[in-house]
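Below: one structure, written as structure tokens.
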Amino acid sequence: MGTYLNRTPSSAGNEKTWTVSFWVKRAGISSTSSQFLFASDTNYSDYVWCRFCGTEVTGKADMLQVFMVEPNARESNVRTNRLFRDPSSWYHIVIRCDTTQSTAADRLRIYVNGVEQTSFDTASYLNQNDDNMNWNSNVPQIIGAQLSGGTSERFQNGYITNFVNIDGQSLAPTSFGETDSTTGEWKPKADLSGLTFGTNGFWLKYESAGNLGLDSSGNSNTYTVNNAGTGAQTVDTASNNFATLNPLNNPAGSTLSEGNCKATTTVSTGGKVVGTIGASNGKWYCEVKAGSTNNTSIGIVPTSTFDADTLGDNSDEYGYFLSDGNKYNNSTSSSYGSSYTSGDIIGVALDLDAGTLIFYKNGVSQGTAFSGISGEYTFGFSDTSGSNNITAEINFGNPSFTISSGNSDGAGFGNFEYAVPSGYYALCTKNLAEYG
């Protein structure tokens with residue numbers, strides 16, 4: 001069961017007019033529906049949900065859908081033609097509900113990254129002044145899951161941040177986000193305290209590790225956190241996007257989990273998994289917690305690579321073997337450093353200005369492994385033989401495993417087990433803008 005938040009308001013607010021705003025980064029593509037919000041009475045007869053559709057919705061996977069039912073069984077079902085299949089980026093989603101509007105299409109409006117969505121696979125709307133869909137009502141309000149009992153339970157698969165509910169107003173996305181004057185990209189507004197949140201309004205920033213459901217609106221509408229694991233809070237946010245493992249560059253079909261920071265490779269292939277973000281210059285660092293067998297290769301691959309071979313089989317791939325400590329390139333193994341084992345943490349320091357690659361075992365440098373490297377690279381790992389599964393976790397600065405010490409890079413970003421080598425940085429958008 002995944003992590004989710006829930007709250008049951010003591011009284012109902014405005015169920016006709018409201019706005020929801022949140023940022024989401026996908027982990028699973030074309031998988032089971034990924035649920036962002038859900039509210040329902042105890043009979044599950046009147047409800048509202050928002051989700052990315054999964055493969056169980058035949059032919060509709062990866063569409064964005066908002067679905068509402070009110071007491072007279074009237075439905076509003078709006079589902080985009082646009083598909084959302086980018087696991088490397090954050091989407092800002094705004095839902096504006098106002099059933100008082102005379103024009104049907106104005107009763108439910110959806111925006112993504114500040115742009116209104118107007119091309120729909122299906123679009124039906126509630127009648128004017130319809131009420132009681134149960135969002136802002138005194139029934140369970142759930143974020144990150146659809147809890148309607150039994151096998152119909154579905155959870156959010158990915159990251160979610162800066163979740164805002166406005167009770168009683170229909171607001172434009174410019175109330176929550178803005179265009180960056182330098183990059184031209186849509187970004188979150190840092191301060192939303194000037195908004196009027198309404199009776200059941202809230203602002204969840206997910207900043208408190210011990211209380212992820214803390215309401216920052218001033219309303220004290222704090223949510224209860226359920227099933228929060230080690231990696232429930234991460235430094236990967238819509239304001240600073242970190243690399244993760246890429247489910248779209250996963251030809252062996254390895255199983256990704258923990259927000260795409262953990263992978264279990266498959267038998268019969270190398271099971272190579274690689275990052276979503278690469279760089280062609282600058283100095284970059286990550287950590288990999290070694291896998292469950294002695295068949296792990298950790299290192300770097302070009303961002304253009306798409307094959308299931310062992311990392312290091314090709315001339316432009318560079319790996320470090322767990323079993324014997326050898327380095328591996330162009331299908332050639334040679335003596336390098338210490339062997340490592342399950343639970344060891346391997347630091348990978350890539351200098352694309354000097355063209356060098358250094359590996360660290362539990363914070364200790366093994367020396368320069370390779371030189372003369374050029375091109376656009378990202379980090380990754382694989383099985384070395386294809387005969388055994390491995391499970392390993394990568395930390396681009398947003399760890400899925402427990403960090404006992406905690407070290408950021410020189411720019412103050414990331415959370416690593418060991419000290420980041422001087423001049424090296426976590427692979428995230430703010431560092432790329434400054435040092436890439």
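Residue names in the structure tokens use chain letters A, B, ... in the order shown, residue numbers from 1 in each chain, and ligand numbers from 1 in the order shown.
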- Query: What lies within 10 Å of region 128-140 of chain A using only C-alpha atoms, ignoring chain neighbours under 6 positions off, as number ranges by chain?
  - Reply: A: 6-18, 37-42, 45-49, 67-72, 74-75, 98-104, 107, 147, 165-168, 198-201
- Item | Members of region 20-163 of chain A assigned strand (DSSP E) by DSSP, as a VMD selection string | chain A and resid 20 to 26 34 to 40 47 to 52 63 to 69 75 to 83 91 to 98 108 to 112 115 to 116 120 to 124 141 to 143 145 to 146 154 to 155 158 to 163
- Message: Using only C-alpha atoms, which protein or nucleic acid residues come within 12 Å of region 266-268 of chain A? Drop anything in the same chain fewer than 5 positions from it, and give the result as a list in words.
- Response: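 In the requested format, the answer is Asn250, Pro251, Ala252, Gly253, Ser254, Thr255, Leu256, Val273, Asn295, Ala308, Asp309, Thr310, Ser382, Asp383, Thr384, Ser385, Gly386, Ser387, Asn388, Asn389, Ile390 and Thr391 of chain A.
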Based on the selection just made, write N, CA and C atoms of those residues as a tab-separated table (two decimals), in the first residue's frame.
```tsv
chain	number	residue	atom	x	y	z
A	250	ASN	N	14.43	1.86	-20.46
A	250	ASN	CA	14.48	0.66	-19.62
A	250	ASN	C	14.17	-0.56	-20.50
A	251	PRO	N	15.04	-0.82	-21.50
A	251	PRO	CA	14.71	-1.85	-22.49
A	251	PRO	C	14.60	-3.25	-21.91
A	252	ALA	N	15.24	-3.51	-20.76
A	252	ALA	CA	15.14	-4.84	-20.15
A	252	ALA	C	13.88	-5.00	-19.31
A	253	GLY	N	13.15	-3.89	-19.11
A	253	GLY	CA	11.93	-3.96	-18.31
A	253	GLY	C	12.19	-4.17	-16.84
A	254	SER	N	13.29	-3.62	-16.32
A	254	SER	CA	13.57	-3.72	-14.89
A	254	SER	C	12.45	-3.06	-14.09
A	255	THR	N	12.22	-3.55	-12.89
A	255	THR	CA	11.16	-3.00	-12.05
A	255	THR	C	11.71	-1.81	-11.26
A	256	LEU	N	11.10	-0.64	-11.46
A	256	LEU	CA	11.50	0.57	-10.75
A	256	LEU	C	10.53	0.85	-9.62
A	273	VAL	N	19.86	0.27	-16.25
A	273	VAL	CA	18.94	1.36	-15.95
A	273	VAL	C	19.75	2.64	-15.83
A	295	ASN	N	26.82	-9.28	-8.79
A	295	ASN	CA	26.85	-9.08	-10.25
A	295	ASN	C	26.46	-7.66	-10.65
A	308	ALA	N	19.95	-3.22	-23.36
A	308	ALA	CA	19.84	-3.95	-22.10
A	308	ALA	C	21.13	-4.63	-21.71
A	309	ASP	N	22.24	-4.26	-22.36
A	309	ASP	CA	23.51	-4.92	-22.07
A	309	ASP	C	24.06	-4.50	-20.71
A	310	THR	N	25.12	-5.20	-20.31
A	310	THR	CA	25.83	-4.83	-19.10
A	310	THR	C	26.47	-3.46	-19.26
A	382	SER	N	23.81	-1.79	-13.72
A	382	SER	CA	23.23	-2.96	-14.37
A	382	SER	C	23.71	-4.23	-13.67
A	383	ASP	N	23.08	-5.34	-14.06
A	383	ASP	CA	23.62	-6.67	-13.75
A	383	ASP	C	24.85	-6.85	-14.65
A	384	THR	N	25.78	-7.71	-14.25
A	384	THR	CA	26.98	-7.92	-15.07
A	384	THR	C	26.93	-9.18	-15.90
A	385	SER	N	26.00	-10.08	-15.62
A	385	SER	CA	26.01	-11.35	-16.33
A	385	SER	C	24.69	-11.70	-16.98
A	386	GLY	N	23.61	-11.11	-16.52
A	386	GLY	CA	22.29	-11.49	-17.03
A	386	GLY	C	21.77	-12.78	-16.44
A	387	SER	N	22.54	-13.37	-15.52
A	387	SER	CA	22.11	-14.65	-14.96
A	387	SER	C	21.45	-14.50	-13.59
A	388	ASN	N	21.54	-13.33	-13.01
A	388	ASN	CA	20.95	-13.10	-11.69
A	388	ASN	C	20.28	-11.73	-11.63
A	389	ASN	N	19.18	-11.63	-10.90
A	389	ASN	CA	18.60	-10.33	-10.62
A	389	ASN	C	19.47	-9.58	-9.63
A	390	ILE	N	19.50	-8.25	-9.74
A	390	ILE	CA	20.09	-7.42	-8.69
A	390	ILE	C	19.06	-6.36	-8.28
A	391	THR	N	19.17	-5.92	-7.07
A	391	THR	CA	18.39	-4.78	-6.60
A	391	THR	C	19.36	-3.74	-6.06
```
- Query: Looking only at the backbone, which of the residues in region 62-276 of chain A does DSSP tag as helix (DSSP H, G or I), as a ChimeraX atom specification?
  - Reply: /A:104-106,150-152,173-175
Create the file for the chosen residues now, containing N, CA and C atoms and written as a compact mmCIF listing (two decimals), in the first residue's frame.
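File selection-v5.txt, as written:
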```txt
# COMPACT_ATOMS: atom_id res chain seq x y z
N ALA A 104 -21.44 25.49 -19.83
CA ALA A 104 -21.11 24.18 -19.26
C ALA A 104 -19.60 23.97 -19.14
N ALA A 105 -18.85 24.34 -20.19
CA ALA A 105 -17.40 24.10 -20.18
C ALA A 105 -16.66 24.93 -19.14
N ASP A 106 -17.31 25.98 -18.63
CA ASP A 106 -16.68 26.81 -17.59
C ASP A 106 -16.91 26.24 -16.19
N GLY A 150 -11.45 -2.63 -0.97
CA GLY A 150 -11.14 -3.83 -1.74
C GLY A 150 -10.14 -3.60 -2.85
N THR A 151 -10.38 -4.26 -3.97
CA THR A 151 -9.42 -4.25 -5.06
C THR A 151 -9.42 -2.95 -5.85
N SER A 152 -10.34 -2.05 -5.58
CA SER A 152 -10.41 -0.81 -6.35
C SER A 152 -9.46 0.26 -5.80
N PRO A 173 -4.48 29.66 -12.81
CA PRO A 173 -3.19 29.09 -12.40
C PRO A 173 -2.16 30.14 -12.01
N THR A 174 -2.34 31.38 -12.47
CA THR A 174 -1.40 32.45 -12.10
C THR A 174 -1.48 32.79 -10.62
N SER A 175 -2.47 32.29 -9.91
CA SER A 175 -2.52 32.46 -8.45
C SER A 175 -1.48 31.57 -7.76
```
- Query: Using only C-alpha atoms, which residues sit within 6 Å of Gly319 (chain A) once same-chain residues fewer than 6 positions away are excluded, as a count of residues only?
  - Reply: 7
- Task: Enter the distance from CA of Trp203 (chain A) to CA of Phe84 (chain A), in Å, rounded to one decimal.
- Result: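 Straight-line distance from CA of Trp203 (chain A) to CA of Phe84 (chain A) works out to 24.9 Å.
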- Which is closest to Leu195 (chain A) among A:Val235, A:Leu171, A:Ile95, A:Leu214, if we use only C-alpha atoms?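 Using only C-alpha atoms, the shortest distance to Leu195 (chain A) belongs to A:Leu171.
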- Message: Counting only C-alpha atoms, which residue out of A:Ala243, A:Ala411, A:Val288, A:Ala419 sits closest to Asn431 (chain A)?
- Response: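 Between A:Ala243, A:Ala411, A:Val288, A:Ala419, the residue approaching Asn431 (chain A) most closely is A:Ala411.
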- Query: Near Ala172 (chain A), within 9 Å and counting only C-alpha atoms, which residues show up once chain neighbours fewer than 5 positions away are dropped, as JSON, numbers by chain?
  - Reply: {"A": [19, 94, 96, 111, 114]}
- For Asn294 (chain A): contacts at 7 Å, only C-alpha atoms, fewer than 4 positions along chain excluded, given as a list in words: Leu322, Ser323 and Thr341 of chain A
C-alpha atoms of the current selection, written as a PDB file, in the first residue's frame:
```
ATOM      1  CA  LEU A 322      31.161  -5.229  -7.492  1.00  0.00           C
ATOM      2  CA  SER A 323      32.544  -8.783  -7.544  1.00  0.00           C
ATOM      3  CA  THR A 341      29.342  -5.931  -1.471  1.00  0.00           C
TER       4      THR A 341
END
```
- Just the residues within 8 Å of region 359-366 of chain A, please, counting only C-alpha atoms, with nothing from its chain fewer than 2 positions along; format it as a list of chain:residue names.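 What passes the distance filter is A:Tyr320, A:Tyr336, A:Gly337, A:Ser338, A:Tyr340, A:Asp344, A:Ile345, A:Ile346, A:Gly347, A:Val348, A:Ala349, A:Leu357, A:Thr368, A:Ala369, A:Tyr418, A:Ala419.
Using only C-alpha atoms, the shortest contact distance between Gln146 (chain A) and any of A:Asp121, A:Ser21, A:Gln35, A:Pro247 is found at A:Gln35.
Comparing A:Ser408, A:Ser76, A:Thr237, A:Ser124 by their smallest distance to Phe22 (chain A), the closest is A:Thr237 (using only C-alpha atoms).
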- Message: I'd like the interatomic distance between CA of Leu5 (chain A) and CA of Ile93 (chain A), to a tenth of an Å.
- Response: 18.2 Å
- Item | d(CA of Thr3 (chain A), CA of Asn226 (chain A)) in Å | 5.6 Å
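Nearest to Ser208 (chain A) of all the residues A:Val225, A:Leu64, A:Leu350, A:Val78 is A:Val225, counting only C-alpha atoms.
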- Query: Quick one: of A:Thr179, A:Asn162, A:Asn211, A:Thr296, who's nearest to Val115 (chain A), counting only C-alpha atoms?
  - Reply: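 Nearest to Val115 (chain A): A:Thr179.
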